[in-house]
Amino acid sequence: MGGMKKLINEPGDVVSEALRGMAAAHPDRLRVDHENRIVYRKDAPRSGKVGLISGGGSGHEPMHGGFVGLGMLDAACAGEVFTSPVPDQMMAATKAVDAGAGVLHIVKNYTGDVMNFEMAAELAAADAGTEVLSVVTNDDVAVQDSLYTAGRRGVGVTVLLEKIVGAAAEEGRSLQEVADLAKKVNDNGRSMGMALTSCTVPAAGKPTFELAENEMEVGIGIHGEPGRQRLPLAPAKDVAAMLVDPVVSDLPYQQGDSVIAFVNGMGGTPLIELYLMYNEVAQLLDRAGITIARNLVGNYITSLEMAGCSVTLLKVDDELVRLWDAPVNTPGLRWGA
Amino acid sequence: MGVDNFVNWLRDAASTMHDNAAYLTELDSAIGDADHGTNMDRGFQAVVAVLDESTFASADELMKKTGMTLVSKVGGASGPLYGTFFLRFGTALAGASSITPEVIGEAFTAGVGGILQRGKPELGDKTMYDAWAPALDAYDAAVAGGSDLAGALNAAAEAAAKGRDATVPLIARKGRASYLGERSAGHLDPGATSTTLLLESAARTLA
């Protein structure tokens, strides 16, 4: 097991000091409210534009603060590591980005995130009338029986949704249109993840779980929590099938479908392995007759230093591809701007 | 029975959460995300800071402020759940001319009702409600049987501990532990554990 080996000062200061670093690194695009731990797009609020807010526990960087900027989010609320932010933060962010067109909350389906965003929406309703709609992402197929769980987790599709919906908001679409599009993206996306190692929450000081050298966890989320199954370590092509097959059969994605294929690193796996995995995923999809319209490979929704990856597929039409291609300029994603 | 009793409870609860923070986080590591103790400790230390800075004329104001502080500082699911408990508890105390075991019972009922509304748990879901529900039943039964406040709170704490222990074999159906499916069985629920600590603290200090 061993002790904690991290580039930190004090465990309790990790989130606030990382936010200071983000502010220092991206003054052209971001401004940071350090007291409330909110990352804002520098030019928010944008007149006539629907405000997009997300937030969640820290430790998933670049999500969500790294996705604030032109073509994506207007604000991101940072919680403690793996802990939902609190209603005060979401309230402050909601008020600050509202330019009269309303605000969409993008919430990942975790009990704490959903409850805190719900409380924020109730408080906002009781306060001055900012119109707020919410979308809850729940794309993780590893959670099989949603009747007897807190429901499927929001994972990789959240990244794709923030990009696509961000482009639509930038075009000046209404709050209802933006919310409907967000639901469409969530409904057409599915994900599955696996871990080669656990991760260490700074305040806990030791790994959340133990994995032997020859073991892997399949069906993990993004909080270092154990997964559905512990299995013997397998070659990448077998791991790819373990992730792709349940994703494809769940929606289901069918022959002739076009998708955005997203191979995401959990934070501790090098890009060479992620590209190797993408090669396996692309071959599996090709065999299934599924066309990859666009792809994304890299560390975008992470779980601290956990090694492993997730696969997300999003079924797309011409509209979604066009919005995906639209300009984006954030610390975590940038093209066309 | 006045504000000081509640202040004593909150200060004792804060030191209890602090002393048990590592234990609660360890329980949460097994079936959750390894932050429950840290979050509870941070929230109750913030409550202590409020107690140090302010004085409260009434117990209802104190409990409502405690609820708002926990909502603002704890995060996760525990923040809204514990925060709502204290908010509703305080709201129910407002207007009571004297704080009797019956009045505390009504506030207790309102607080647990808030947890039910926010978290929608059912008994046996392996959540904090598995400690709250039997504790409330035991409290009400004790008061109905003529028990004083100390006796009723002791009954509540004992029932909470039994409810907590009974979470071990359960498969979680709410919260992050539910993602584990059958692998969540065999572990004590961290939320039921912190609830028991809070009620044991009440039994020590509130009466």
# chains A, B, ... in the order shown; residues from 1 in each chain; ligands from 1
>>> residues_around(residues="B:Glu102", least_positions_apart="5", cutoff="9 Å", atoms="only C-alpha atoms", output="ChimeraX atom specification")
/B:107,140,143-144,149
>>> write_last_selection(atoms="N, CA and C atoms", output="mmCIF file, in the first residue's frame")
data_model
loop_
_atom_site.group_PDB
_atom_site.id
_atom_site.type_symbol
_atom_site.label_atom_id
_atom_site.label_comp_id
_atom_site.auth_asym_id
_atom_site.auth_seq_id
_atom_site.Cartn_x
_atom_site.Cartn_y
_atom_site.Cartn_z
ATOM 1 N N ALA B 107 -40.275 17.576 16.644
ATOM 2 C CA ALA B 107 -39.162 18.097 15.840
ATOM 3 C C ALA B 107 -38.365 16.954 15.205
ATOM 4 N N ASP B 140 -40.439 7.734 20.271
ATOM 5 C CA ASP B 140 -41.884 7.952 20.433
ATOM 6 C C ASP B 140 -42.486 6.954 21.418
ATOM 7 N N VAL B 143 -41.489 7.927 24.993
ATOM 8 C CA VAL B 143 -42.243 9.080 25.494
ATOM 9 C C VAL B 143 -43.688 8.671 25.792
ATOM 10 N N ALA B 144 -44.280 7.895 24.899
ATOM 11 C CA ALA B 144 -45.662 7.428 25.102
ATOM 12 C C ALA B 144 -45.766 6.574 26.360
ATOM 13 N N LEU B 149 -36.953 12.724 28.972
ATOM 14 C CA LEU B 149 -36.165 12.976 27.768
ATOM 15 C C LEU B 149 -34.910 12.099 27.713
#
>>> interface_residues(of="chain A", to="chain B", cutoff="6 Å", atoms="only C-alpha atoms", output="PyMOL selection string")
chain A and resi 83-86+111-112+143+148-150+208+223+225+228
>>> residues_around(residues="A:Val135", least_positions_apart="2", cutoff="8 Å", atoms="only C-alpha atoms", output="number ranges by chain")
A: 104-107, 133, 137, 179, 182-183
>>> residues_around(residues="A:Val321", least_positions_apart="5", cutoff="8 Å", atoms="only C-alpha atoms", output="MDAnalysis selection string")
chainID A and resid 293:294 316
>>> write_last_selection(atoms="N, CA and C atoms", output="PDB file, in the first residue's frame")
ATOM      1  N   ALA A 293     -18.038   8.632 -36.689  1.00  0.00           N
ATOM      2  CA  ALA A 293     -18.110   9.931 -37.363  1.00  0.00           C
ATOM      3  C   ALA A 293     -17.040  10.870 -36.816  1.00  0.00           C
ATOM      4  N   ARG A 294     -16.856  10.843 -35.525  1.00  0.00           N
ATOM      5  CA  ARG A 294     -15.841  11.664 -34.862  1.00  0.00           C
ATOM      6  C   ARG A 294     -15.312  10.858 -33.681  1.00  0.00           C
ATOM      7  N   VAL A 316     -24.957   9.752 -33.317  1.00  0.00           N
ATOM      8  CA  VAL A 316     -25.086  11.129 -33.795  1.00  0.00           C
ATOM      9  C   VAL A 316     -25.806  11.192 -35.136  1.00  0.00           C
TER      10      VAL A 316
END
>>> closest_residue(among="A:Gly55, A:Val50, A:Gly265, A:Gly66", to="A:Glu177", atoms="only C-alpha atoms")
A:Val50
>>> residues_around(residues="B:Met63", least_positions_apart="2", cutoff="12 Å", atoms="only C-alpha atoms", output="PyMOL selection string")
chain B and resi 3-7+9-10+47+50-51+56-61+65-70+82-94+104+107-108+111
>>> write_last_selection(atoms="N, CA and C atoms", output="mmCIF file, in the first residue's frame")
data_model
loop_
_atom_site.group_PDB
_atom_site.id
_atom_site.type_symbol
_atom_site.label_atom_id
_atom_site.label_comp_id
_atom_site.auth_asym_id
_atom_site.auth_seq_id
_atom_site.Cartn_x
_atom_site.Cartn_y
_atom_site.Cartn_z
ATOM 1 N N VAL B 3 -31.576 26.734 25.119
ATOM 2 C CA VAL B 3 -30.597 26.789 24.032
ATOM 3 C C VAL B 3 -29.296 26.095 24.416
ATOM 4 N N ASP B 4 -28.886 26.253 25.681
ATOM 5 C CA ASP B 4 -27.596 25.697 26.100
ATOM 6 C C ASP B 4 -27.521 24.183 25.912
ATOM 7 N N ASN B 5 -28.644 23.502 26.146
ATOM 8 C CA ASN B 5 -28.649 22.050 25.949
ATOM 9 C C ASN B 5 -28.308 21.705 24.494
ATOM 10 N N PHE B 6 -28.898 22.481 23.576
ATOM 11 C CA PHE B 6 -28.661 22.204 22.153
ATOM 12 C C PHE B 6 -27.235 22.569 21.760
ATOM 13 N N VAL B 7 -26.720 23.651 22.346
ATOM 14 C CA VAL B 7 -25.328 24.024 22.096
ATOM 15 C C VAL B 7 -24.400 22.894 22.563
ATOM 16 N N TRP B 9 -25.106 19.752 22.822
ATOM 17 C CA TRP B 9 -25.251 18.627 21.891
ATOM 18 C C TRP B 9 -24.379 18.855 20.645
ATOM 19 N N LEU B 10 -24.499 20.048 20.058
ATOM 20 C CA LEU B 10 -23.779 20.305 18.809
ATOM 21 C C LEU B 10 -22.264 20.282 19.024
ATOM 22 N N VAL B 47 -20.031 24.324 12.167
ATOM 23 C CA VAL B 47 -21.089 24.599 13.151
ATOM 24 C C VAL B 47 -20.466 25.149 14.437
ATOM 25 N N VAL B 50 -19.631 28.717 14.091
ATOM 26 C CA VAL B 50 -20.839 29.544 14.235
ATOM 27 C C VAL B 50 -21.175 29.721 15.716
ATOM 28 N N LEU B 51 -21.075 28.634 16.484
ATOM 29 C CA LEU B 51 -21.374 28.706 17.918
ATOM 30 C C LEU B 51 -20.403 29.659 18.634
ATOM 31 N N PHE B 56 -27.460 32.566 20.343
ATOM 32 C CA PHE B 56 -28.789 32.320 19.800
ATOM 33 C C PHE B 56 -29.826 32.477 20.900
ATOM 34 N N ALA B 57 -30.877 33.225 20.575
ATOM 35 C CA ALA B 57 -31.928 33.490 21.560
ATOM 36 C C ALA B 57 -32.836 32.274 21.730
ATOM 37 N N SER B 58 -32.941 31.464 20.686
ATOM 38 C CA SER B 58 -33.862 30.327 20.772
ATOM 39 C C SER B 58 -33.266 29.106 20.100
ATOM 40 N N ALA B 59 -33.748 27.941 20.556
ATOM 41 C CA ALA B 59 -33.248 26.682 20.013
ATOM 42 C C ALA B 59 -33.612 26.541 18.546
ATOM 43 N N ASP B 60 -34.797 27.053 18.156
ATOM 44 C CA ASP B 60 -35.181 26.871 16.745
ATOM 45 C C ASP B 60 -34.244 27.634 15.816
ATOM 46 N N GLU B 61 -33.852 28.879 16.227
ATOM 47 C CA GLU B 61 -32.900 29.633 15.407
ATOM 48 C C GLU B 61 -31.565 28.905 15.316
ATOM 49 N N LYS B 65 -29.936 27.428 11.855
ATOM 50 C CA LYS B 65 -28.610 27.888 11.422
ATOM 51 C C LYS B 65 -27.662 26.691 11.257
ATOM 52 N N THR B 66 -27.788 25.733 12.152
ATOM 53 C CA THR B 66 -26.981 24.516 12.030
ATOM 54 C C THR B 66 -27.276 23.809 10.716
ATOM 55 N N GLY B 67 -28.559 23.707 10.382
ATOM 56 C CA GLY B 67 -28.952 23.050 9.130
ATOM 57 C C GLY B 67 -28.374 23.760 7.922
ATOM 58 N N MET B 68 -28.484 25.097 7.912
ATOM 59 C CA MET B 68 -27.956 25.858 6.767
ATOM 60 C C MET B 68 -26.440 25.703 6.668
ATOM 61 N N THR B 69 -25.789 25.676 7.828
ATOM 62 C CA THR B 69 -24.328 25.532 7.834
ATOM 63 C C THR B 69 -23.915 24.167 7.274
ATOM 64 N N LEU B 70 -24.625 23.121 7.677
ATOM 65 C CA LEU B 70 -24.290 21.786 7.181
ATOM 66 C C LEU B 70 -24.549 21.687 5.677
ATOM 67 N N TYR B 82 -28.412 15.731 6.275
ATOM 68 C CA TYR B 82 -28.271 16.218 7.652
ATOM 69 C C TYR B 82 -28.742 17.668 7.762
ATOM 70 N N GLY B 83 -28.446 18.464 6.732
ATOM 71 C CA GLY B 83 -28.880 19.858 6.750
ATOM 72 C C GLY B 83 -30.395 19.958 6.823
ATOM 73 N N THR B 84 -31.070 19.171 6.011
ATOM 74 C CA THR B 84 -32.534 19.181 6.015
ATOM 75 C C THR B 84 -33.073 18.708 7.360
ATOM 76 N N PHE B 85 -32.429 17.706 7.964
ATOM 77 C CA PHE B 85 -32.873 17.239 9.289
ATOM 78 C C PHE B 85 -32.896 18.407 10.279
ATOM 79 N N PHE B 86 -31.786 19.146 10.358
ATOM 80 C CA PHE B 86 -31.712 20.224 11.355
ATOM 81 C C PHE B 86 -32.627 21.398 10.989
ATOM 82 N N LEU B 87 -32.747 21.692 9.692
ATOM 83 C CA LEU B 87 -33.654 22.774 9.269
ATOM 84 C C LEU B 87 -35.089 22.480 9.692
ATOM 85 N N ARG B 88 -35.530 21.240 9.414
ATOM 86 C CA ARG B 88 -36.915 20.877 9.746
ATOM 87 C C ARG B 88 -37.092 20.753 11.260
ATOM 88 N N PHE B 89 -36.070 20.249 11.921
ATOM 89 C CA PHE B 89 -36.092 20.125 13.382
ATOM 90 C C PHE B 89 -36.294 21.513 13.997
ATOM 91 N N GLY B 90 -35.505 22.485 13.507
ATOM 92 C CA GLY B 90 -35.592 23.852 14.035
ATOM 93 C C GLY B 90 -36.929 24.494 13.735
ATOM 94 N N THR B 91 -37.409 24.295 12.510
ATOM 95 C CA THR B 91 -38.699 24.869 12.117
ATOM 96 C C THR B 91 -39.813 24.342 13.017
ATOM 97 N N ALA B 92 -39.741 23.051 13.363
ATOM 98 C CA ALA B 92 -40.782 22.451 14.204
ATOM 99 C C ALA B 92 -40.716 22.965 15.646
ATOM 100 N N LEU B 93 -39.513 23.364 16.093
ATOM 101 C CA LEU B 93 -39.382 23.885 17.463
ATOM 102 C C LEU B 93 -39.947 25.306 17.592
ATOM 103 N N ALA B 94 -39.981 26.023 16.456
ATOM 104 C CA ALA B 94 -40.379 27.435 16.501
ATOM 105 C C ALA B 94 -41.792 27.562 17.067
ATOM 106 N N ILE B 104 -39.824 17.833 21.390
ATOM 107 C CA ILE B 104 -38.631 17.314 20.709
ATOM 108 C C ILE B 104 -39.010 16.144 19.809
ATOM 109 N N ALA B 107 -40.275 17.576 16.644
ATOM 110 C CA ALA B 107 -39.162 18.097 15.840
ATOM 111 C C ALA B 107 -38.365 16.954 15.205
ATOM 112 N N PHE B 108 -38.151 15.904 15.981
ATOM 113 C CA PHE B 108 -37.463 14.694 15.521
ATOM 114 C C PHE B 108 -38.224 14.104 14.325
ATOM 115 N N GLY B 111 -37.783 16.307 11.309
ATOM 116 C CA GLY B 111 -36.433 16.168 10.753
ATOM 117 C C GLY B 111 -36.284 14.906 9.926
#
>>> residues_around(residues="A:Glu17", least_positions_apart="6", cutoff="10 Å", atoms="only C-alpha atoms", output="PDB file with C-alpha atoms, in the first residue's frame")
ATOM      1  CA  ILE A   8       0.445  18.796  -2.871  1.00  0.00           C
ATOM      2  CA  ASN A   9       1.036  21.058   0.110  1.00  0.00           C
ATOM      3  CA  GLU A  10      -1.772  20.261   2.529  1.00  0.00           C
ATOM      4  CA  ALA A  23      -6.831  31.208 -12.757  1.00  0.00           C
ATOM      5  CA  HIS A  34     -12.109  31.657  -5.092  1.00  0.00           C
TER       6      HIS A  34
END
>>> residues_around(residues="A:Val244", least_positions_apart="6", cutoff="9 Å", atoms="only C-alpha atoms", output="PDB file with N, CA and C atoms, in the first residue's frame")
ATOM      1  N   SER A 191     -21.827   4.469 -21.714  1.00  0.00           N
ATOM      2  CA  SER A 191     -20.417   4.347 -21.329  1.00  0.00           C
ATOM      3  C   SER A 191     -20.172   3.133 -20.460  1.00  0.00           C
ATOM      4  N   MET A 192     -18.902   2.710 -20.413  1.00  0.00           N
ATOM      5  CA  MET A 192     -18.476   1.642 -19.504  1.00  0.00           C
ATOM      6  C   MET A 192     -16.999   1.867 -19.204  1.00  0.00           C
ATOM      7  N   VAL A 281     -11.063  -0.566 -30.030  1.00  0.00           N
ATOM      8  CA  VAL A 281     -12.469  -0.129 -30.070  1.00  0.00           C
ATOM      9  C   VAL A 281     -12.908   0.098 -31.514  1.00  0.00           C
ATOM     10  N   LEU A 284     -13.571  -3.161 -33.263  1.00  0.00           N
ATOM     11  CA  LEU A 284     -14.825  -3.786 -32.813  1.00  0.00           C
ATOM     12  C   LEU A 284     -16.030  -3.104 -33.448  1.00  0.00           C
ATOM     13  N   LEU A 285     -15.995  -1.763 -33.504  1.00  0.00           N
ATOM     14  CA  LEU A 285     -17.126  -1.029 -34.086  1.00  0.00           C
ATOM     15  C   LEU A 285     -17.208  -1.287 -35.588  1.00  0.00           C
ATOM     16  N   VAL A 311     -15.013   3.747 -22.185  1.00  0.00           N
ATOM     17  CA  VAL A 311     -15.442   3.907 -23.573  1.00  0.00           C
ATOM     18  C   VAL A 311     -16.843   4.491 -23.564  1.00  0.00           C
ATOM     19  N   THR A 312     -17.037   5.569 -24.305  1.00  0.00           N
ATOM     20  CA  THR A 312     -18.362   6.183 -24.467  1.00  0.00           C
ATOM     21  C   THR A 312     -18.694   6.214 -25.948  1.00  0.00           C
ATOM     22  N   LEU A 313     -19.899   5.799 -26.283  1.00  0.00           N
ATOM     23  CA  LEU A 313     -20.409   5.963 -27.640  1.00  0.00           C
ATOM     24  C   LEU A 313     -21.597   6.910 -27.591  1.00  0.00           C
TER      25      LEU A 313
END
>>> select_by_dssp(residues="stretch 71-196 of chain B", states="helix (DSSP H, G or I)", output="PDB file with C-alpha atoms, in the first residue's frame")
ATOM      1  CA  VAL B  71     -25.953  22.251   3.770  1.00  0.00           C
ATOM      2  CA  SER B  72     -23.291  24.840   2.899  1.00  0.00           C
ATOM      3  CA  LYS B  73     -20.262  22.993   4.200  1.00  0.00           C
ATOM      4  CA  SER B  78     -24.869  13.964   3.594  1.00  0.00           C
ATOM      5  CA  GLY B  79     -24.975  17.772   3.420  1.00  0.00           C
ATOM      6  CA  PRO B  80     -28.542  18.043   2.115  1.00  0.00           C
ATOM      7  CA  LEU B  81     -29.710  15.131   4.287  1.00  0.00           C
ATOM      8  CA  TYR B  82     -28.271  16.218   7.652  1.00  0.00           C
ATOM      9  CA  GLY B  83     -28.880  19.858   6.750  1.00  0.00           C
ATOM     10  CA  THR B  84     -32.534  19.181   6.015  1.00  0.00           C
ATOM     11  CA  PHE B  85     -32.873  17.239   9.289  1.00  0.00           C
ATOM     12  CA  PHE B  86     -31.712  20.224  11.355  1.00  0.00           C
ATOM     13  CA  LEU B  87     -33.654  22.774   9.269  1.00  0.00           C
ATOM     14  CA  ARG B  88     -36.915  20.877   9.746  1.00  0.00           C
ATOM     15  CA  PHE B  89     -36.092  20.125  13.382  1.00  0.00           C
ATOM     16  CA  GLY B  90     -35.592  23.852  14.035  1.00  0.00           C
ATOM     17  CA  THR B  91     -38.699  24.869  12.117  1.00  0.00           C
ATOM     18  CA  ALA B  92     -40.782  22.451  14.204  1.00  0.00           C
ATOM     19  CA  LEU B  93     -39.382  23.885  17.463  1.00  0.00           C
ATOM     20  CA  PRO B 101     -39.965  15.534  25.304  1.00  0.00           C
ATOM     21  CA  GLU B 102     -43.150  15.659  23.202  1.00  0.00           C
ATOM     22  CA  VAL B 103     -42.037  18.833  21.409  1.00  0.00           C
ATOM     23  CA  ILE B 104     -38.631  17.314  20.709  1.00  0.00           C
ATOM     24  CA  GLY B 105     -40.447  14.244  19.419  1.00  0.00           C
ATOM     25  CA  GLU B 106     -42.383  16.409  16.962  1.00  0.00           C
ATOM     26  CA  ALA B 107     -39.162  18.097  15.840  1.00  0.00           C
ATOM     27  CA  PHE B 108     -37.463  14.694  15.521  1.00  0.00           C
ATOM     28  CA  THR B 109     -40.383  13.486  13.377  1.00  0.00           C
ATOM     29  CA  ALA B 110     -40.192  16.592  11.180  1.00  0.00           C
ATOM     30  CA  GLY B 111     -36.433  16.168  10.753  1.00  0.00           C
ATOM     31  CA  VAL B 112     -36.669  12.524   9.737  1.00  0.00           C
ATOM     32  CA  GLY B 113     -39.554  13.492   7.441  1.00  0.00           C
ATOM     33  CA  GLY B 114     -37.186  15.911   5.709  1.00  0.00           C
ATOM     34  CA  ILE B 115     -34.648  13.137   5.180  1.00  0.00           C
ATOM     35  CA  LEU B 116     -37.381  10.945   3.700  1.00  0.00           C
ATOM     36  CA  GLN B 117     -38.520  13.685   1.358  1.00  0.00           C
ATOM     37  CA  ARG B 118     -35.038  14.542   0.140  1.00  0.00           C
ATOM     38  CA  GLY B 119     -33.489  11.088  -0.108  1.00  0.00           C
ATOM     39  CA  TYR B 129     -32.539   6.014   7.338  1.00  0.00           C
ATOM     40  CA  ASP B 130     -31.994   2.475   8.676  1.00  0.00           C
ATOM     41  CA  ALA B 131     -30.745   4.145  11.865  1.00  0.00           C
ATOM     42  CA  TRP B 132     -33.119   7.147  11.878  1.00  0.00           C
ATOM     43  CA  ALA B 133     -36.376   5.204  11.480  1.00  0.00           C
ATOM     44  CA  PRO B 134     -36.009   2.768  14.398  1.00  0.00           C
ATOM     45  CA  ALA B 135     -34.553   5.566  16.545  1.00  0.00           C
ATOM     46  CA  LEU B 136     -37.605   7.737  15.980  1.00  0.00           C
ATOM     47  CA  ASP B 137     -39.945   4.809  16.686  1.00  0.00           C
ATOM     48  CA  ALA B 138     -38.100   3.992  19.907  1.00  0.00           C
ATOM     49  CA  TYR B 139     -38.148   7.627  21.007  1.00  0.00           C
ATOM     50  CA  ASP B 140     -41.884   7.952  20.433  1.00  0.00           C
ATOM     51  CA  ALA B 141     -42.600   4.658  22.190  1.00  0.00           C
ATOM     52  CA  ALA B 142     -40.509   5.689  25.193  1.00  0.00           C
ATOM     53  CA  VAL B 143     -42.243   9.080  25.494  1.00  0.00           C
ATOM     54  CA  ALA B 144     -45.662   7.428  25.102  1.00  0.00           C
ATOM     55  CA  LEU B 149     -36.165  12.976  27.768  1.00  0.00           C
ATOM     56  CA  ALA B 150     -32.987  11.183  28.876  1.00  0.00           C
ATOM     57  CA  GLY B 151     -34.726   7.828  28.751  1.00  0.00           C
ATOM     58  CA  ALA B 152     -36.270   8.496  25.367  1.00  0.00           C
ATOM     59  CA  LEU B 153     -32.963   9.669  23.871  1.00  0.00           C
ATOM     60  CA  ASN B 154     -31.197   6.606  25.265  1.00  0.00           C
ATOM     61  CA  ALA B 155     -33.841   4.397  23.685  1.00  0.00           C
ATOM     62  CA  ALA B 156     -33.399   6.236  20.397  1.00  0.00           C
ATOM     63  CA  ALA B 157     -29.602   5.859  20.460  1.00  0.00           C
ATOM     64  CA  GLU B 158     -29.839   2.150  21.255  1.00  0.00           C
ATOM     65  CA  ALA B 159     -32.335   1.588  18.450  1.00  0.00           C
ATOM     66  CA  ALA B 160     -30.140   3.537  16.036  1.00  0.00           C
ATOM     67  CA  ALA B 161     -27.154   1.350  16.922  1.00  0.00           C
ATOM     68  CA  LYS B 162     -29.203  -1.785  16.280  1.00  0.00           C
ATOM     69  CA  GLY B 163     -30.398  -0.378  12.982  1.00  0.00           C
ATOM     70  CA  ARG B 164     -26.821   0.531  12.079  1.00  0.00           C
ATOM     71  CA  ASP B 165     -25.556  -2.962  12.860  1.00  0.00           C
ATOM     72  CA  ARG B 176     -22.966   5.307  -4.193  1.00  0.00           C
ATOM     73  CA  ALA B 177     -22.808   1.944  -2.443  1.00  0.00           C
ATOM     74  CA  SER B 178     -25.703   0.796  -4.639  1.00  0.00           C
ATOM     75  CA  TYR B 179     -23.362   0.743  -7.644  1.00  0.00           C
ATOM     76  CA  LEU B 180     -21.568  -2.184  -6.044  1.00  0.00           C
ATOM     77  CA  GLY B 181     -24.612  -4.417  -6.157  1.00  0.00           C
ATOM     78  CA  GLU B 182     -24.092  -7.560  -4.086  1.00  0.00           C
ATOM     79  CA  ARG B 183     -20.567  -6.485  -3.215  1.00  0.00           C
ATOM     80  CA  SER B 184     -22.042  -3.839  -0.907  1.00  0.00           C
ATOM     81  CA  PRO B 190     -21.276   4.889   6.929  1.00  0.00           C
ATOM     82  CA  GLY B 191     -24.397   7.099   7.013  1.00  0.00           C
ATOM     83  CA  ALA B 192     -26.192   4.881   9.532  1.00  0.00           C
ATOM     84  CA  THR B 193     -22.987   4.985  11.571  1.00  0.00           C
ATOM     85  CA  SER B 194     -22.743   8.794  11.652  1.00  0.00           C
ATOM     86  CA  THR B 195     -26.466   9.014  12.484  1.00  0.00           C
ATOM     87  CA  THR B 196     -25.919   6.703  15.439  1.00  0.00           C
TER      88      THR B 196
END
